[in-house]
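Notes to accompany the following structure.
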Amino acid sequence: MELRLSEDQEFIARTAADFVKEKSPLARVRELRDKGDAIGFSRALWKEMAGLGWPGILYPEALGGAGLGFAELVLVMEELGRTLAPEPFLSTVLLAGQALARSGDEAKMKAWLPKICAGDAVLTLAHQEAGGRYDLDAVSTTAKANGAGHRLDGEKIQVLDGHVADALLIPAQTDGGIALFLLPAATTKGLTITRQQRLDGRGVALVKLEGVEAGPETQLGAPGAGRALLHDAVDRACVGLCAEMLGAMQQAFALSLAHLKEREQFGAPIGSFQALKHRAADIFIEIELCKSAVMAAARALDADSPEVPALVSLAKAKCSDGLILAANEGVQFFGGVGMTDEYDIGFYLKRARAAELSFGDAAHHRARWATLAGY
Amino acid sequence: MELRLSEDQEFIARTAADFVKEKSPLARVRELRDKGDAIGFSRALWKEMAGLGWPGILYPEALGGAGLGFAELVLVMEELGRTLAPEPFLSTVLLAGQALARSGDEAKMKAWLPKICAGDAVLTLAHQEAGGRYDLDAVSTTAKANGAGHRLDGEKIQVLDGHVADALLIPAQTDGGIALFLLPAATTKGLTITRQQRLDGRGVALVKLEGVEAGPETQLGAPGAGRALLHDAVDRACVGLCAEMLGAMQQAFALSLAHLKEREQFGAPIGSFQALKHRAADIFIEIELCKSAVMAAARALDADSPEVPALVSLAKAKCSDGLILAANEGVQFFGGVGMTDEYDIGFYLKRARAAELSFGDAAHHRARWATLAGY
Amino acid sequence: MSEASPRKTSDETGFREATRVWLLENCPPSLQGKSQVAIWGGRKWRPENPDERVWLERAASKGFSAPMWPVAYGGGGLSKAQNKVLLSLLRELRIPLPLVGFGLTMIGPTLLQYGTEAQKREHLTRIARGEVLWCQGYSEPGAGSDLAGLQCRAEEDGDEYIINGSKIWTSNADAADWIFCLVRTDPDAPKHEGITFLLMDMDQPGVTVRPIKLISGSSPFCETFFNDARALKANVVHKVNAGWTVAKALLGHERSMIADAFGVGGTGGTKRVSLAERARRYLPSDKSGRLGDPVLRDAIAQSEINARAFALTVQRSKDGMRAGHNPGPESSMFKVYGTELNMARHELMVRIAGPQALGWEGAGFEADELALTRDWLRTRGNSIEGGTSEVQRNVIAKRVLGLPD
Amino acid sequence: MSEASPRKTSDETGFREATRVWLLENCPPSLQGKSQVAIWGGRKWRPENPDERVWLERAASKGFSAPMWPVAYGGGGLSKAQNKVLLSLLRELRIPLPLVGFGLTMIGPTLLQYGTEAQKREHLTRIARGEVLWCQGYSEPGAGSDLAGLQCRAEEDGDEYIINGSKIWTSNADAADWIFCLVRTDPDAPKHEGITFLLMDMDQPGVTVRPIKLISGSSPFCETFFNDARALKANVVHKVNAGWTVAKALLGHERSMIADAFGVGGTGGTKRVSLAERARRYLPSDKSGRLGDPVLRDAIAQSEINARAFALTVQRSKDGMRAGHNPGPESSMFKVYGTELNMARHELMVRIAGPQALGWEGAGFEADELALTRDWLRTRGNSIEGGTSEVQRNVIAKRVLGLPD
């Protein structure tokens, strides 16, 4: 595993950076928030991204994708993460897309992956419940056998883009363990979807299932495969999130550095004060470690390495702490104005916390690392 | 509980400070170490301290003591801790002395406490075994019923001043739980005492018991009282140790501050560099917190407060971290010379670690705090 | 003023009984047991419950709105001991303070120390009667920690000053009637020596106020702009260009208030839900009743131990002060540690609540979870406002530890 | 020099095979499989196993003691690729390096860059043959992080310099024959411009050496005193008063070596006992095989995660360098993080071992426990030696982040 970008990869990263600079400044996110946008992202921009091939990066050309890998995907997500772009990568491309792509269910893959690659569908996977904290196996939504199909009851929280998803993957407990059911949002009876408002503006929803009748055609993958699909999809989304976090921490730090150089106090730029310098140096180091961690996790996924779970946990543990450090210190460096909504640094503080507490916090992933290492 | 010294207490503290300055500089500890002194402390100085009434501070006047309390004792131990004075306060006055004093065993109290107060006897309590870590109840030394008495087998480690103790209190498992046996060192058969060399020079010993016959007259206190005596004595010794640590951290910090003011680098005293200033400010704060913690624990003991165990754990958790901070940062402030044996700061680094890992480390006491608080 | 003025009662028990009777008779029943009500007063004040005005007026007549101020300036002339009795009765009967605000706690004490006789008569009396609500104009958008670097300037014009510039973090400026502020009167002098402490009526066309939205949502803070605003020269406190002296005295009041607030917080003096109770809501416990997440349990214990050690330290300082020791620059320690403790505690509460700490509003979050999100965000300002942690550490290093510049 | 010189073999496989044969034939059997043996050479060298000298001499004749140096100066003239093959064979056969030391790694490369032809012929040849052991005289008791503030002075006297002053942290000075050091030749010039890089024979009355005892016990460090010591002017490297340029180049070598060492440490490249294995020795495990102390388990995982993230970062940097990126000042990052990681890891090992980490010598402690105590103490110097963490953070802030002075 070589930790270096190829020329093609550097080109992808540059393209994404240019795109973000031009089309997706943080001001766009602020505007979506301020006008209380019902969708929370831009469908038009999502189509444009699809035009660049981004939602399809991971998927085979036969299904409308680019046939590349996570090494490329994380470059795009890192750039998008710099300005907290809210388009539905995590939900559609990673959570749902990866569950579909790994299910072996040709019919469903053909039905949905081309739409995902084209930016024409939003999908999601409802991996969280109220009592479950970060344990993916803590699924209390039930799927009781009901004729040839199942009857689903339960509630899912903070389902990413659940409020605009065309279809939702719902993990539920069957007699044979966790299974995933793909339910179309518009036509499924007994499904109630309520938009939730999170501090970081990322679109999430409460999803209630009351006597939902899920026909046999809705179950994804072979019986018994649901649990693995769920874990694998969340691990992959987690790496995507880490890439976003990496972009966000770099941007928060860039804002901070600019401020440290410009802002004068006591007759000198505050960046000349040694205590702040040393703290800035520490942030720099942590970001460098996060870069390596994200790169390694992405490459491990592409190589189908047995180290995948450990490197995913490493990336999430480091990026959680790294982004929080960059954001907390950023606000402190900015001082009073950093506390105002008018300045951008607060957006990173909010995203830092939301990202930390998604797909397991740092302590959760340290514990997982230890378990994987056998201690 | 008022956290303020009375005039009498201020006088005791000043007397102790003057005594330490004159009679117990760190050079004395260095000399004892360098000459490989077999005892490890000065019997003459111990007599002098007894002359000042220090070993007897806690004990009734009828038994040769001063009838004062922990509020006074910690002031003396804090001053002695500044220069790491090795005299046997922890072993004799606190571990053994407190077990005796709380046992209700008039005969043994009369036999030993006057000698302790006069500086004429060294006693100790062997609270540690190899596998037990910080769990006082993990006693695997056995006391099997043997006629009217018991037969003791087992091994104790790092017994404070065990190599010079006139008598040792040995916790052992009887059928009725933990009991304490007071064994004279010189005349007890089957007792092997080996001096151990610890990094901080504090005198400790391995104590091996092989078929030791302990007559009924050796058992301390009522049957079943041993466990409580053991816990109470260790808690009290722990507060004494915290006072020593408080003195040590203040002295390490004083050495550091003097160096920060004197030492010039890049044309300025290094204490003018803001990064070091801020770290010094943090050490100052931690020391202030430790002062309050030690004072509160001592006063709680004197008031026989139900908060004793929690405040002991609070003091040990704070003082462990505080002394390590002051010592680690001290060596860093001194730079290269701080790493040499020639400078004194290294003595504090070594003591910091030895003290941290005695009577439970910070994490152990945080866990105990949580248990006491019911979570 | 009542005939049997309690001030004339020679012993405290008498004072306590007389005051208790007076309070029960004069505080409107709708406010008894309502100690959480904050009575701000001022021209723009429109209390929801009209009894609040009744209570303020009666208490002011009695001298209880500013109990320890001299009677000549509208105060109650109470001794320290009597004031303590009054406060304990208010607490006991859960009757709200007749008046709160910066007039009472900040500019009032400052005028008592530095004001002219005319200023005291005019302003203190109006403060004590709750007629004027005050705000503070210290910080400026450009100045930050470097308070003395302020730019807002005042130029002489006859018996007036003309003021131009702006102030930030002017709490409650949108409700206030008067502002006390620092202005630059000599731009050529060294920065600490060209500053004047000036009082200004805000009800004039040259003053505009814009509320500030924080990352945690709406806030009492405002930005206040002066565009040819005017103030009489008679409203200069202390001497022209000697405002820094007054400012420092006033900052002392502020810092000890903040330290106090955090100190009390640390002791758990205000009833708060314990971290462990919070944790039980989100985490399973093991068979022995311990929190099932031992790593969080350790962090909770650390937080509680630090809070307790801090509370003990605040107590030790107070006990020392009662014994006559002066509070020195080590009070910076209370600011820096108290605030950072509070911040760390909130971060921990967020970690405990997990995804439920991410709500902004609406469905799927309990009210106290939504409050936690905002509270946590708000605490990030603790280490900035009232003197940053960096400034406090500088002060400790220089003035307590004697480290060189 | 052997006839079938492997340098002439055009393909690597041929070189590999020829070299393997040569190594097996020429390395004395008593040293095969003894890769841990360190061969220092020098005049005072008295190896316990006389075969060490045999091996050094044979390897030197072959050019393998300084494989990549030019043949003219006693080197092997190997290409980078060939050198890699040689090293991998030594590792594979567990044959010790024929020579180690500062001559080879520090002054040698420096002379190749800055030395005169005469200096190269004299010194490099003797280094390659293991005849002279070198030590380094940079730091001074008074200078510390401010390396350029050095005071040790050299005054001209005919074709010699007379040197007075002292150097500290001169590793192995008590075994060394020559010292390369920085001396002040112009006390009136700005501090970086009056320094000369000078080579000096230590076997003279004006040079005395005192070993330094550390808090961890005895050490290779010494203090070296010059009392009218002498050196020929011909032993000035580069120009007089231009020694700082040479010093910086040499420091570059040193820092990348240190970063490398810690980087490799971080990957677990050197076999080390894992923290978890250590923990199992002192802590019970629960039924599922997890460490019974979840708080320590979390700390161990944190330490391992940091170590792995650091190793990945070292790798990323190397992979980038292979692609032609230059190592910039961000290498300071490797020094500061690598050392602090190592220090934190040792503190954690001490916490894991508990009271058993407190041994100094003698009864009641295992040998590896006693080693841990010393190792931990020794690591406290990691953040000081080779440029303090504070200096490294300054470098990062200034040269990587562009923060102002």
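Chain labels run A, B, ... following the order of the structure tokens; each chain numbers its residues from 1, and ligands are numbered from 1 in the order shown.
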
Contacts between chain C and chain D, please, where a residue of chain D counts if it comes within 8 Å (with only C-alpha atoms); show its shortest atom pair and distance in Å to one decimal, rows by chain and ascending number, as a tab-separated table.
```
residue	atom	partner	partner_atom	distance
D:Pro294	CA	C:Pro294	CA	6.2
D:Val295	CA	C:Val295	CA	5.3
D:Asp298	CA	C:Val295	CA	7.2
```

Export, as a CSV table (one decimal), in the first residue's frame, the selected residues with all heavy atoms.
```csv
chain,number,residue,atom,x,y,z
D,294,PRO,N,-10.8,-1.4,31.8
D,294,PRO,CA,-11.2,-0.8,30.5
D,294,PRO,C,-10.6,0.6,30.3
D,294,PRO,O,-10.5,1.1,29.2
D,294,PRO,CB,-12.7,-0.7,30.6
D,294,PRO,CG,-13.1,-1.5,31.8
D,294,PRO,CD,-11.9,-1.6,32.7
D,295,VAL,N,-10.3,1.3,31.4
D,295,VAL,CA,-9.7,2.6,31.3
D,295,VAL,C,-8.3,2.5,30.8
D,295,VAL,O,-7.9,3.2,29.9
D,295,VAL,CB,-9.7,3.3,32.7
D,295,VAL,CG1,-9.1,4.7,32.6
D,295,VAL,CG2,-11.2,3.5,33.1
D,298,ASP,N,-8.5,1.5,27.1
D,298,ASP,CA,-8.7,2.7,26.2
D,298,ASP,C,-7.4,3.5,26.0
D,298,ASP,O,-7.1,3.9,24.9
D,298,ASP,CB,-9.7,3.6,26.9
D,298,ASP,CG,-10.0,4.9,26.1
D,298,ASP,OD1,-10.6,4.7,25.0
D,298,ASP,OD2,-9.7,6.0,26.6
```

*Near chain A, which residues of chain D fall within 9 Å when you count only C-alpha atoms, and what do they look like as a VMD selection string?*
chain D and resid 276 to 277 280 285 289 to 291 294 297 to 302 305 to 306 308 to 320 323 330 333 to 334 337 390 392 to 398 400 to 405

Members of region 77-167 of chain D assigned helix (DSSP H, G or I) by DSSP, as a ChimeraX atom specification | /D:80-93,102-114,117-128,147-149

Report task. Do a neighbour search on region 147-155 of chain A at 6 Å with only C-alpha atoms, toss out local chain neighbours closer than 4 positions, and write the hits as JSON, numbers by chain. Result -> {"A": [141, 142, 143, 207, 208, 209, 210, 211, 212, 213, 214, 215, 216]}

- Polymer residues at most 9 Å from Ala176 (chain C), only C-alpha atoms, same-chain spacing of 5 or more positions, as a list of chain:residue names: C:Gly42, C:Arg43, C:Lys44, C:Val132, C:Leu133, C:Trp134, C:Cys135, C:Ser171, C:Met202

**Prompt:** Could you state the separation of CA of Arg202 (chain B) and CA of Glu78 (chain B) in Å, given to one decimal place?
**Reply:**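 So the two atoms, CA of Arg202 (chain B) and CA of Glu78 (chain B), lie 16.3 Å apart.
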